[in-house]
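K.L.:
Here it is, the structure in full.
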Amino acid sequence: MIKVLAIGGEPCSGKTTLIKRFIRESGMKFEKVKAAKLLDALYCKESNLYIFGIYDDSTDVFQGTDKLSMAVQPSAVEFLEGLSEGTVIFEGDRLFNSKFLGCISEKVHPDNFRILILKAGQEVLNERHISRKDDQDDKFKNSRKTKISNIQANLDLREYMTSLPNNTSEDQEKLLGILKEFCLTV
């Protein structure tokens, strides 16, 4: 059985922060692996859990799938097609698109596929952009907002989708609980 949790949202909605906290606080032992050509991941053998992307202890703002090649999607599809058991989590812009999410929906049983859209208020987003000192311009940020809206409007994906706030530490605790539950339930 395969389970997939896809996490998306606008820039600064807290996707990478959430995954980094999960990695740090889950108690799982992860090792860096090359899951497929161009597809770096963290892998926990005990839980048979893959987290797509590159995560490290640096202060680099852009981690996860943002550090993967723009050409990674075919490798990720190939990896999922060859996977017979395990859990996969990913976040970020590189793989969070309607085409890839549609491929997952065709491969994974509906009960085992979940899409989380993280939402943060505009004031919170603005504060996070300033705090992380990124140089994303309004044109880019608006394009990502449109991309997320288009995914949310995709009728084929709606049954898998949940939008949740990520404005406060309490919101993030709830999201961490969802991740842990998803990974630990069979």
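Labels for the structure tokens follow display order: chains A, B, ..., residues from 1 in each chain, ligands from 1.
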Just asking: which residues within chain A are strand (DSSP E) according to DSSP, as a ChimeraX atom specification?
P.N.:
/A:2-9,31-36,39-44,49-52,86-91,113-119,161-165
K.L.:
Which residues are near stretch 89-101 of chain A? Cut-off 6 Å, only C-alpha atoms, ignore same chain within fewer than 2 positions. Put them as a list in words.
P.N.:
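Residues meeting the cut-off are Val4, Leu5, Ala6, Ile7, Gly8, Ile51, Phe52, Thr65, Asp66, Cys103, Ile104 and Ile151 of chain A.
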K.L.:
Using only C-alpha atoms, which residues sit within 9 Å of stretch 157-166 of chain A once same-chain residues fewer than 2 positions away are excluded, as a list in words?
P.N.:
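Counting only C-alpha atoms, the residues come to Ser13, Gly14, Ser98, Leu101, Gly102, Ser105, Pro110, Asp111, Phe113, Arg114, Ile115, Leu116, Ile117, Leu118, Lys119, Ala120, Gly121, Ile151, Gln152, Ala153, Asn154, Leu155, Thr168, Ser169, Glu170, Asp171, Gln172 and Leu175 of chain A.
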K.L.:
Please return as JSON, numbers by chain: the residues of chain A that backbone DSSP assigns to alpha helix (DSSP H).
P.N.:
{"A": [15, 16, 17, 18, 19, 20, 21, 22, 23, 24, 25, 73, 74, 75, 76, 77, 78, 79, 80, 81, 82, 98, 99, 100, 101, 102, 103, 104, 105, 106, 107, 122, 123, 124, 125, 126, 127, 128, 129, 130, 131, 132, 138, 139, 140, 141, 142, 143, 144, 145, 146, 147, 148, 149, 150, 151, 152, 153, 169, 170, 171, 172, 173, 174, 175, 176, 177, 178, 179, 180, 181, 182, 183, 184]}
K.L.:
Counting only C-alpha atoms, which of A:Leu39, A:Cys183, A:Ile130, A:Ile19 gets nearest to A:Gly86?
P.N.:
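Answer, going by the shortest atom-to-atom distance: A:Cys183.
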K.L.:
Tell me, as a ChimeraX atom specification, which residues lie within 10 Å of A:Lys29, counting only C-alpha atoms; anything in the same chain fewer than 6 positions away does not count.
P.N.:
/A:23,42-47
K.L.:
Would you mind telling me which residue in A:Ile54, A:Ile2, A:Gln63, A:Gly82 lies nearest to A:Thr17 when using only C-alpha atoms?
P.N.:
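Of A:Ile54, A:Ile2, A:Gln63, A:Gly82, the one nearest A:Thr17, counting only C-alpha atoms, is A:Gln63.
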K.L.:
So, with only C-alpha atoms as the atoms that count, which of A:Thr185, A:Lys180, A:Asn48, A:Lys67 lies closest to A:Arg21?
P.N.:
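Result for the nearest residue to A:Arg21: A:Lys180.
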K.L.:
Give the answer as one residue: which of A:Ala41, A:Met1, A:Thr16, A:Glu10 has the shortest atom-to-atom distance to A:Ser149, using only C-alpha atoms?
P.N.:
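Of the candidates, the smallest distance to A:Ser149 is held by A:Glu10.
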